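Visitor: Got a structure here, written out as structure tokens. Questions coming.
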Amino acid sequence: MFEKRKVGKVMEKKKIGIIGGGISGTCLGYHLSLYDNAEVVVFEKDTVGGASTAKSAGTVCLFDDSLRNRYWDVRLYGFESYLKMEAEEKGSAGFDKTGTLVVATNEAVEATIKTGIALTKAAGYTGEYITDKDRIKEILPDISTENILGAGYTQDDGFFDGTMISNTYAKKMQKNGGTLKTGVKVTEIKVDNNKVTGLKTSEGEDYEFDYVVDCTGPWSKFTGEMVGMDVPIWHTKAEAFFLSPPGKKLDYTFPVLKYPEFYGLRAGDNIFICKSHLSMDLNNPMHAGQWDPDKLPATGGTDDYFIDFLLEQLEMKVPGIVDSGLVSSWLSYRAEPKDFLPLLGETPMEGYMLATGYGGNGVIEAPAASRDLAKLIMRGESTPLLEDWAFKRLLG
Amino acid sequence: MNIAVLIKQVPVSNDVSVDPKTHALVRASSEGMINPADLNAIEEAMVLKEQTEGKVVVFTMGPPDAEKALRDAMALGCDESCLITDRQVAGGDTIATAKVLAEAIKMYGQFDIILSGALSADGATGQVGAMVAERLGLPHVSEIQSIKYDENLAGKIEVVKKMHEDKIRVGCTLPAVVSVNFGSNTPRLATLRTKRAAKSKPLVTYTNAELALPADQVGIAGSPTEVIDSFEPENGRKAQMLTGSGAELAQMLKNLIDEEKGKV
């Protein structure tokens with residue numbers, strides 16, 4: 001996977017400028033760099049994988065509700081890409097194999113979990129749907145098994161580190177001849193006759209490109225304005241807390257824990273808890289809006305309502321950790337199109353491409369999305385995924 | 001025991017620069033947090049409260065959004081809080097700040113002990129606690145590690161101060177003002193329950209209308225301190241890549257640490 005493939009014949013060079021060095025930009029940069037005739041430059045205004053990617057939980061679970069089962073191959077491609085990365089160099093994807101427990105609170109969720117388990121097993125991984133409540137409590141002793149139907153469990157997955165992955169992709173892209181510019185801000189996207197021709201940077205450099213790809217996630221609205229385009233991205237708040245369990249240290253492996261309303265995972269001796277993105281209401285100004293991600297504080301910034309929400313949820317669902325100490329918290333913005341699916345590929349502006357709007361699922365979706373987008377850019381071939389996640393679906 | 005704790009909201013970010021004209025600190029983010037040493041003072045207050053079934057009132061002077069720091073302090077167990085906020089008192093130096101805090105404490109009630117953090121993470125003068133003591137006419141013990149209270153010795157406390165490698169025990173009559181060292185204890189954490197409870201705990205706001213301090217005695221007008229210059233320190237951090245076996249690396253690290261500590 002990581003060795004540069006030869007495309008067989010000499011093809012015309014294509015120059016691609018990628019704006020944003022998070023998981024989206026670095027992953028796309030890497031996939032493009034696999035083509036001999038690609039000349040790729042990634043522009044990152046700060047550090048690689050240091051913004052919203054760094055605040056990603058990095059859960060890539062074999063089955064949960066983060067991504068519909070319709071896109072299960074996307075999930076699997078992401079998961080296996082990172083497993084291969086880890087196999088090549090331990091730690092390069094920051095894998096923590098804690099397993100995942102997905103709790104079925106109603107029959108619809110239960111059906112989704114069961115389908116996910118069937119897909120997981122078909123791909124050669126373990127997965128079971130458990131209705132024995134004692135067994136569920138063995139996996140997660142602090143859980144309440146009241147008011148649940150059962151839970152799906154696999155011990156084969158867990159979570160990854162989005163920042164590590166981004167840096168690994170960036171390194172591999174550079175090894176394949178791609179260029180990474182960090183600490184460099186794109187200040188202008190050059191357009192001629194409704195076609196993108198290049199960009200200018202804060203360093204005063206002027207680049208010519210055949211394609212410019214917006215991989216700026218929560219910044220996409222501002223990035224799009226540089227070509228006079230309104231990228232339909234909303235921000236939903238990812239409000240997260242790090243909890244120190246009452247006993248200071250858990251005596252069991254806390255799995256990735258998924259409920260429709262929130263998810264949790266271990267973070268060292270602490271537990272990370274975050275509201276799930278599918279529980280966000282784009283019409284609720286407390287949940288969603290259009291803000292400036294540059295104004296996000298490094299830590300803190302969570303809303304008071306989130307305390308009440310989390311207290312209520314944990315009292316009901318994971319009472320064993322409700323009296324945990326609050327170690328820290330942070331707020332991040334997810335880039336969310338109104339249908340909660342990414343924006344991938346061509347736009348009305350020729351040469352201006354999008355790989356944004358992953359809505360908190362960037363770590364899961366970026367490998368498959370980048371694979372397909374690279375193919376479109378380099379070979380002009382579309383894929384069903386690109387058709388599904390095309391910008392044009394939101395027009396009209 | 002009635003306990004007061006003086007806290008300060010300091011910026012979360014270390015990303016500060018200096019305005020070349022006013023010499024004021026320009027902060028990249030307005031996000032505030034409780035000064036770290038003040039958390040140690042709160043922890044001492046909590047221990048005394050639990051021992052004496054007392055009450056803890058936390059005070060701060062600052063802009064209206066300093067309420068967040070007070071709510072955070074109440075989430076740690078402080079019972080009540082007092083915010084002194086008024087443009088008239090803003091921008092004061094340590095003397096002007098101490099006047100305001102001392103007046104607010106007098107107005108609020110009687111306290112057996114007043115605790116503060118020994119140093120703030122931003123200004124780091126370490127003066128306000130002692131100045132409050134002076135204004136209130138109370139004894140002051142600075143930079144303590146711990147407080148021992150024995151109810152059989154009512155009206156007195158014994159504190160431990162660190163002097164180089166030695167520990168000094170100091171007796172002090174109450175009421176007194178005591179400043180607590182950063183890192184002297186392990187501050188407790190708030191929980192979701194205590195966070196929620198803190199939202200409905202009493203918070204009193206004073207302006208200078210209540211304190212009735214003369215306008216030329218507070219804020220910038222009441223501050224004899226003049227900042228002549230301030231500057232960003234040169235970044236002295238350096239990185240060095242060490243290579244070798246595990247044992248060699250350990251020895252190299254030990255040598256470097258000894259060198260930094262001045263042993264070599």
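Labels used: A, B, ... for chains in the order of the structure tokens, numbers from 1 for residues in each chain, and numbers from 1 for ligands as shown.
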Specify as a VMD selection string all residues of chain A found within 6 Å of chain B, counting only C-alpha atoms.

Guide: chain A and resid 311 323 to 326

Visitor: Could you name the residues that touch Trp291 (chain A) at 10 Å or less, counting only C-alpha atoms, but leaving out those on the same chain fewer than 4 positions away, as a list in words?

Guide: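 Contacts, with the query itself left out: Pro218, Trp219, Lys221, Trp234, His235, Thr236, Lys295, Leu296 and Tyr333 of chain A.
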
Visitor: Could you write out the selected residues, including N, CA and C atoms, as an mmCIF file, in the first residue's frame?

Guide:
data_model
loop_
_atom_site.group_PDB
_atom_site.id
_atom_site.type_symbol
_atom_site.label_atom_id
_atom_site.label_comp_id
_atom_site.auth_asym_id
_atom_site.auth_seq_id
_atom_site.Cartn_x
_atom_site.Cartn_y
_atom_site.Cartn_z
ATOM 1 N N PRO A 218 -13.459 22.735 9.092
ATOM 2 C CA PRO A 218 -14.261 23.818 9.679
ATOM 3 C C PRO A 218 -13.967 25.195 9.082
ATOM 4 N N TRP A 219 -12.847 25.337 8.377
ATOM 5 C CA TRP A 219 -12.499 26.635 7.766
ATOM 6 C C TRP A 219 -13.041 26.747 6.335
ATOM 7 N N LYS A 221 -15.718 27.359 4.845
ATOM 8 C CA LYS A 221 -16.545 28.494 4.457
ATOM 9 C C LYS A 221 -15.646 29.679 4.057
ATOM 10 N N TRP A 234 -21.923 23.853 7.989
ATOM 11 C CA TRP A 234 -22.282 24.368 9.303
ATOM 12 C C TRP A 234 -21.266 23.813 10.294
ATOM 13 N N HIS A 235 -21.216 24.459 11.428
ATOM 14 C CA HIS A 235 -20.386 23.907 12.496
ATOM 15 C C HIS A 235 -21.302 23.287 13.543
ATOM 16 N N THR A 236 -20.981 22.071 13.921
ATOM 17 C CA THR A 236 -21.632 21.540 15.120
ATOM 18 C C THR A 236 -20.563 21.459 16.190
ATOM 19 N N LYS A 295 -11.139 31.263 16.491
ATOM 20 C CA LYS A 295 -11.411 31.846 17.804
ATOM 21 C C LYS A 295 -11.669 30.791 18.874
ATOM 22 N N LEU A 296 -11.534 29.530 18.504
ATOM 23 C CA LEU A 296 -11.745 28.468 19.500
ATOM 24 C C LEU A 296 -10.629 28.489 20.536
ATOM 25 N N TYR A 333 -15.048 22.410 16.572
ATOM 26 C CA TYR A 333 -16.127 22.543 15.596
ATOM 27 C C TYR A 333 -15.993 21.457 14.546
#

Visitor: Just asking: which residues within region 36-175 of chain B are strand (DSSP E) according to DSSP, as a ChimeraX atom specification?

Guide: /B:55-61,80-84,113-117,140-148,156-163,166-173

Visitor: Which distance in Å separates CA of Tyr305 (chain A) and CA of Leu331 (chain A), to one decimal?

Guide: 13.1 Å

Visitor: What is the CA of Thr145 (chain A) to CA of Glu128 (chain A) distance in Å?

Guide: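 Those two atoms sit 16.8 Å apart.
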
Visitor: Which neighbours of Asp86 (chain B) fall inside 8 Å, counting only C-alpha atoms, when residues of the same chain fewer than 6 positions from it are skipped, and could you give them as a PyMOL selection string?

Guide: chain B and resi 62-63+207-208

Visitor: Give me, as a tab-separated table, each residue of region 78-164 of chain A that comes within 8 Å of region 240-264 of chain A, together with its shortest interatomic pair and the distance in Å at one decimal, counting only C-alpha atoms, with rows ordered by chain and rising residue number.

Guide:
residue	atom	partner	partner_atom	distance
A:Thr98	CA	A:Pro255	CA	4.9
A:Gly99	CA	A:Pro255	CA	5.2
A:Thr100	CA	A:Val256	CA	4.5
A:Leu101	CA	A:Leu257	CA	5.0
A:Val102	CA	A:Lys258	CA	4.7
A:Val103	CA	A:Tyr259	CA	5.6
A:Ala104	CA	A:Tyr259	CA	7.6
A:Thr105	CA	A:Tyr259	CA	7.8
A:Ile139	CA	A:Pro255	CA	7.9
A:Leu140	CA	A:Phe254	CA	6.7
A:Gly158	CA	A:Val256	CA	6.1
A:Phe159	CA	A:Val256	CA	7.4

Visitor: Save out the residues we just selected, N, CA and C atoms, as a CSV table (one decimal), in the first residue's frame.

Guide:
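As a result, result_3.csv now contains:
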chain,number,residue,atom,x,y,z
A,98,THR,N,-8.7,-1.3,22.2
A,98,THR,CA,-9.6,-1.4,23.4
A,98,THR,C,-10.8,-2.2,23.1
A,99,GLY,N,-11.1,-2.4,21.8
A,99,GLY,CA,-12.4,-3.0,21.5
A,99,GLY,C,-13.5,-2.0,21.6
A,100,THR,N,-14.7,-2.3,21.1
A,100,THR,CA,-15.8,-1.4,21.1
A,100,THR,C,-17.1,-2.1,21.6
A,101,LEU,N,-17.8,-1.4,22.4
A,101,LEU,CA,-19.1,-1.8,22.9
A,101,LEU,C,-20.2,-0.8,22.4
A,102,VAL,N,-21.1,-1.3,21.6
A,102,VAL,CA,-22.1,-0.4,21.0
A,102,VAL,C,-23.4,-0.8,21.7
A,103,VAL,N,-24.1,0.1,22.4
A,103,VAL,CA,-25.2,-0.3,23.2
A,103,VAL,C,-26.5,-0.1,22.4
A,104,ALA,N,-27.4,-1.1,22.4
A,104,ALA,CA,-28.6,-1.0,21.7
A,104,ALA,C,-29.7,-0.5,22.7
A,105,THR,N,-30.2,0.7,22.5
A,105,THR,CA,-31.2,1.3,23.4
A,105,THR,C,-32.6,1.1,22.8
A,139,ILE,N,-17.7,-6.8,30.5
A,139,ILE,CA,-16.9,-6.0,29.6
A,139,ILE,C,-16.8,-4.5,30.2
A,140,LEU,N,-17.9,-4.0,30.7
A,140,LEU,CA,-17.9,-2.6,31.2
A,140,LEU,C,-18.6,-2.6,32.6
A,158,GLY,N,-10.8,-0.2,18.1
A,158,GLY,CA,-10.5,0.7,19.1
A,158,GLY,C,-10.4,2.1,18.5
A,159,PHE,N,-9.4,2.8,18.9
A,159,PHE,CA,-9.2,4.2,18.4
A,159,PHE,C,-7.8,4.4,18.0

Visitor: Would you pick out the contacts of Ala123 (chain A) at 12 Å or less, using only C-alpha atoms, so that residues sharing its chain but fewer than 2 positions from it are not included, and give the list as JSON, numbers by chain?

Guide: {"A": [62, 63, 72, 73, 75, 76, 77, 79, 80, 116, 117, 118, 119, 120, 121, 125, 126, 127, 156]}

Visitor: Could you take the residues named above and write them with N, CA and C atoms, as a compact mmCIF listing (two decimals), in the first residue's frame?

Guide:
# COMPACT_ATOMS: atom_id res chain seq x y z
N LEU A 62 -15.47 -1.00 13.98
CA LEU A 62 -15.95 -1.87 12.90
C LEU A 62 -17.46 -1.75 12.71
N PHE A 63 -18.17 -1.48 13.82
CA PHE A 63 -19.61 -1.20 13.67
C PHE A 63 -20.05 -0.23 14.75
N TRP A 72 -20.16 0.88 4.64
CA TRP A 72 -19.31 0.04 5.49
C TRP A 72 -17.93 -0.18 4.88
N ASP A 73 -17.87 -0.23 3.54
CA ASP A 73 -16.56 -0.42 2.89
C ASP A 73 -15.64 0.77 3.15
N ARG A 75 -15.61 2.51 5.93
CA ARG A 75 -15.14 2.26 7.30
C ARG A 75 -14.02 1.21 7.29
N LEU A 76 -14.25 0.12 6.55
CA LEU A 76 -13.28 -0.98 6.54
C LEU A 76 -11.96 -0.53 5.90
N TYR A 77 -12.07 0.25 4.81
CA TYR A 77 -10.84 0.71 4.14
C TYR A 77 -10.03 1.60 5.08
N PHE A 79 -10.11 1.59 8.42
CA PHE A 79 -9.60 0.76 9.51
C PHE A 79 -8.38 -0.03 9.06
N GLU A 80 -8.49 -0.66 7.90
CA GLU A 80 -7.38 -1.52 7.46
C GLU A 80 -6.19 -0.69 6.99
N GLY A 116 -24.12 -4.50 11.27
CA GLY A 116 -22.70 -4.17 11.35
C GLY A 116 -21.87 -5.36 11.79
N ILE A 117 -22.39 -6.13 12.71
CA ILE A 117 -21.66 -7.32 13.19
C ILE A 117 -21.53 -8.34 12.05
N ALA A 118 -22.62 -8.52 11.29
CA ALA A 118 -22.58 -9.47 10.17
C ALA A 118 -21.51 -9.05 9.16
N LEU A 119 -21.43 -7.74 8.87
CA LEU A 119 -20.43 -7.23 7.94
C LEU A 119 -19.02 -7.43 8.52
N THR A 120 -18.90 -7.18 9.80
CA THR A 120 -17.61 -7.32 10.48
C THR A 120 -17.11 -8.76 10.38
N LYS A 121 -18.02 -9.69 10.66
CA LYS A 121 -17.62 -11.11 10.63
C LYS A 121 -17.29 -11.55 9.20
N TYR A 125 -13.32 -10.38 10.96
CA TYR A 125 -13.08 -9.91 12.33
C TYR A 125 -14.12 -10.51 13.26
N THR A 126 -13.86 -10.39 14.57
CA THR A 126 -14.82 -10.94 15.53
C THR A 126 -15.88 -9.89 15.85
N GLY A 127 -17.04 -10.37 16.22
CA GLY A 127 -18.11 -9.47 16.63
C GLY A 127 -19.25 -10.30 17.17
N ASP A 156 -11.63 -6.33 18.38
CA ASP A 156 -10.60 -6.16 17.35
C ASP A 156 -10.28 -4.71 16.98

Visitor: Please compute the CA of Met286 (chain A)-CA of Thr356 (chain A) distance, one decimal, in Å.

Guide: 22.7 Å

Visitor: Can you list, as a list in words, every protein, DNA or RNA residue that comes within 9 Å of Tyr206 (chain B) when you count only C-alpha atoms, leaving out same-chain residues fewer than 2 positions away?

Guide: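 Surrounding residues, per the criterion: Cys82, Leu83, Ile84, Thr85, Asp86, Ala104, Val204, Asn208, Ala209, Glu210 and Leu211 of chain B.
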
Visitor: With N, CA and C atoms kept, could you save the residues just selected as a compact mmCIF listing (two decimals), in the first residue's frame?

Guide:
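out-v4.txt, freshly written:
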# COMPACT_ATOMS: atom_id res chain seq x y z
N CYS B 82 -17.72 36.10 45.89
CA CYS B 82 -17.88 37.54 45.80
C CYS B 82 -17.04 38.07 44.64
N LEU B 83 -17.70 38.71 43.71
CA LEU B 83 -17.00 39.29 42.55
C LEU B 83 -17.00 40.81 42.68
N ILE B 84 -15.81 41.38 42.65
CA ILE B 84 -15.72 42.84 42.66
C ILE B 84 -15.41 43.26 41.24
N THR B 85 -16.36 43.91 40.62
CA THR B 85 -16.17 44.27 39.21
C THR B 85 -16.67 45.69 38.98
N ASP B 86 -15.81 46.49 38.44
CA ASP B 86 -16.14 47.90 38.23
C ASP B 86 -15.02 48.49 37.38
N ALA B 104 -13.57 44.66 50.36
CA ALA B 104 -14.66 43.71 50.07
C ALA B 104 -14.75 42.65 51.16
N VAL B 204 -22.19 37.12 45.17
CA VAL B 204 -22.47 38.53 45.44
C VAL B 204 -21.56 39.38 44.58
N ASN B 208 -17.61 49.59 43.10
CA ASN B 208 -17.03 50.57 44.03
C ASN B 208 -18.11 51.44 44.66
N ALA B 209 -19.31 51.39 44.12
CA ALA B 209 -20.40 52.13 44.75
C ALA B 209 -20.64 51.56 46.16
N GLU B 210 -20.54 50.23 46.28
CA GLU B 210 -20.72 49.61 47.61
C GLU B 210 -19.47 49.80 48.47
N LEU B 211 -18.31 49.62 47.85
CA LEU B 211 -17.07 49.68 48.65
C LEU B 211 -16.76 51.13 49.07

Visitor: So which residues touch Cys78 (chain B) within 12 Å, counting only C-alpha atoms, skipping near sequence neighbours fewer than 3 positions away, as a ChimeraX atom specification?

Guide: /B:2-7,39,41-50,54-59,69-75,81-82,188,190,194-195,197-199,201-203

Visitor: Those selected residues, please, written with N, CA and C atoms and delivered as a tab-separated table (two decimals), in the first residue's frame.

Guide:
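Once written, out.tsv looks like this:
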chain	number	residue	atom	x	y	z
B	2	ASN	N	-14.67	30.35	59.55
B	2	ASN	CA	-15.00	31.09	58.32
B	2	ASN	C	-13.72	31.34	57.54
B	3	ILE	N	-13.72	30.89	56.32
B	3	ILE	CA	-12.50	30.93	55.51
B	3	ILE	C	-12.76	31.76	54.25
B	4	ALA	N	-11.85	32.65	53.94
B	4	ALA	CA	-11.92	33.39	52.66
B	4	ALA	C	-10.76	32.93	51.79
B	5	VAL	N	-11.01	32.83	50.51
B	5	VAL	CA	-9.92	32.52	49.57
B	5	VAL	C	-9.92	33.60	48.48
B	6	LEU	N	-8.75	34.16	48.24
B	6	LEU	CA	-8.61	35.17	47.19
B	6	LEU	C	-8.08	34.47	45.94
B	7	ILE	N	-8.81	34.61	44.85
B	7	ILE	CA	-8.34	33.96	43.62
B	7	ILE	C	-8.23	34.98	42.50
B	39	LEU	N	-5.55	27.30	43.25
B	39	LEU	CA	-6.18	25.98	43.42
B	39	LEU	C	-5.61	25.29	44.66
B	41	ALA	N	-4.55	26.93	47.27
B	41	ALA	CA	-5.16	27.65	48.39
B	41	ALA	C	-6.58	27.13	48.64
B	42	ILE	N	-7.31	26.90	47.57
B	42	ILE	CA	-8.68	26.37	47.71
B	42	ILE	C	-8.64	24.99	48.37
B	43	GLU	N	-7.66	24.18	47.97
B	43	GLU	CA	-7.56	22.84	48.55
B	43	GLU	C	-7.30	22.93	50.06
B	44	GLU	N	-6.41	23.84	50.47
B	44	GLU	CA	-6.18	24.03	51.91
B	44	GLU	C	-7.48	24.47	52.60
B	45	ALA	N	-8.21	25.35	51.93
B	45	ALA	CA	-9.47	25.82	52.49
B	45	ALA	C	-10.46	24.67	52.66
B	46	MET	N	-10.48	23.77	51.69
B	46	MET	CA	-11.40	22.63	51.75
B	46	MET	C	-11.05	21.70	52.92
B	47	VAL	N	-9.76	21.51	53.11
B	47	VAL	CA	-9.33	20.63	54.21
B	47	VAL	C	-9.74	21.26	55.55
B	48	LEU	N	-9.53	22.57	55.69
B	48	LEU	CA	-9.92	23.26	56.93
B	48	LEU	C	-11.44	23.25	57.10
B	49	LYS	N	-12.14	23.43	56.01
B	49	LYS	CA	-13.61	23.42	56.06
B	49	LYS	C	-14.12	22.07	56.56
B	50	GLU	N	-13.54	21.00	56.01
B	50	GLU	CA	-14.00	19.66	56.40
B	50	GLU	C	-13.65	19.38	57.86
B	54	GLY	N	-16.63	24.31	58.52
B	54	GLY	CA	-16.67	25.76	58.28
B	54	GLY	C	-17.31	26.12	56.96
B	55	LYS	N	-17.14	27.37	56.62
B	55	LYS	CA	-17.71	27.90	55.38
B	55	LYS	C	-16.60	28.61	54.60
B	56	VAL	N	-16.59	28.43	53.29
B	56	VAL	CA	-15.55	29.04	52.47
B	56	VAL	C	-16.19	30.04	51.49
B	57	VAL	N	-15.68	31.26	51.52
B	57	VAL	CA	-16.13	32.28	50.56
B	57	VAL	C	-14.94	32.65	49.69
B	58	VAL	N	-15.17	32.63	48.39
B	58	VAL	CA	-14.07	32.92	47.47
B	58	VAL	C	-14.27	34.30	46.86
B	59	PHE	N	-13.20	35.08	46.81
B	59	PHE	CA	-13.25	36.47	46.31
B	59	PHE	C	-12.38	36.61	45.07
B	69	ALA	N	-14.53	31.91	36.93
B	69	ALA	CA	-13.53	31.41	37.88
B	69	ALA	C	-14.19	31.16	39.24
B	70	LEU	N	-15.10	32.05	39.62
B	70	LEU	CA	-15.78	31.87	40.92
B	70	LEU	C	-16.68	30.63	40.90
B	71	ARG	N	-17.38	30.42	39.79
B	71	ARG	CA	-18.23	29.21	39.68
B	71	ARG	C	-17.35	27.96	39.71
B	72	ASP	N	-16.20	28.04	39.04
B	72	ASP	CA	-15.28	26.89	39.07
B	72	ASP	C	-14.81	26.63	40.50
B	73	ALA	N	-14.54	27.70	41.25
B	73	ALA	CA	-14.09	27.53	42.64
B	73	ALA	C	-15.21	26.93	43.49
B	74	MET	N	-16.44	27.35	43.23
B	74	MET	CA	-17.57	26.79	43.99
B	74	MET	C	-17.81	25.33	43.59
B	75	ALA	N	-17.46	24.98	42.35
B	75	ALA	CA	-17.56	23.57	41.94
B	75	ALA	C	-16.54	22.71	42.67
B	81	SER	N	-19.44	33.11	46.91
B	81	SER	CA	-18.40	33.85	46.23
B	81	SER	C	-18.75	35.32	46.12
B	82	CYS	N	-17.72	36.10	45.89
B	82	CYS	CA	-17.88	37.54	45.80
B	82	CYS	C	-17.04	38.07	44.64
B	188	ARG	N	-8.28	19.02	44.51
B	188	ARG	CA	-9.33	18.09	44.10
B	188	ARG	C	-9.91	18.53	42.75
B	190	ALA	N	-13.35	19.04	40.26
B	190	ALA	CA	-14.81	19.17	40.25
B	190	ALA	C	-15.40	17.92	39.60
B	194	THR	N	-20.89	18.51	41.13
B	194	THR	CA	-20.49	19.74	41.82
B	194	THR	C	-20.50	20.93	40.85
B	195	LYS	N	-20.22	20.66	39.58
B	195	LYS	CA	-20.30	21.72	38.58
B	195	LYS	C	-21.73	22.25	38.50
B	197	ALA	N	-24.08	21.94	40.79
B	197	ALA	CA	-24.47	22.58	42.05
B	197	ALA	C	-23.91	23.99	42.14
B	198	ALA	N	-22.71	24.20	41.57
B	198	ALA	CA	-22.06	25.52	41.67
B	198	ALA	C	-22.86	26.60	40.96
B	199	LYS	N	-23.67	26.18	39.99
B	199	LYS	CA	-24.42	27.17	39.22
B	199	LYS	C	-25.44	27.90	40.09
B	201	LYS	N	-25.07	28.28	43.55
B	201	LYS	CA	-24.51	28.78	44.82
B	201	LYS	C	-24.48	30.31	44.81
B	202	PRO	N	-24.52	30.92	46.00
B	202	PRO	CA	-24.61	32.40	46.05
B	202	PRO	C	-23.38	33.09	45.49
B	203	LEU	N	-23.62	34.11	44.70
B	203	LEU	CA	-22.54	34.96	44.18
B	203	LEU	C	-22.96	36.42	44.37

Visitor: What parts of region 9-207 of chain B does DSSP call alpha helix (DSSP H)? I'd like the answer as a VMD selection string.

Guide: chain B and resid 36 to 52 67 to 75 94 to 108 128 to 136 192 to 198

Visitor: Would you kindly return, as number ranges by chain, each protein, DNA or RNA residue with an atom no farther than 7 Å from any atom of Cys172 (chain B), considering only C-alpha atoms and excluding same-chain residues fewer than 3 positions away?

Guide: B: 156-158

Visitor: Okay, now the selection with N, CA and C atoms, as a short mmCIF file (atom, residue, chain, number, x, y, z; two decimals), in the first residue's frame?

Guide:
data_model
loop_
_atom_site.label_atom_id
_atom_site.label_comp_id
_atom_site.auth_asym_id
_atom_site.auth_seq_id
_atom_site.Cartn_x
_atom_site.Cartn_y
_atom_site.Cartn_z
N LYS B 156 -5.32 29.56 66.90
CA LYS B 156 -3.95 29.47 66.36
C LYS B 156 -3.88 28.44 65.24
N ILE B 157 -2.94 28.63 64.36
CA ILE B 157 -2.61 27.60 63.38
C ILE B 157 -1.10 27.40 63.36
N GLU B 158 -0.71 26.27 62.83
CA GLU B 158 0.72 26.04 62.63
C GLU B 158 0.90 25.77 61.14
#
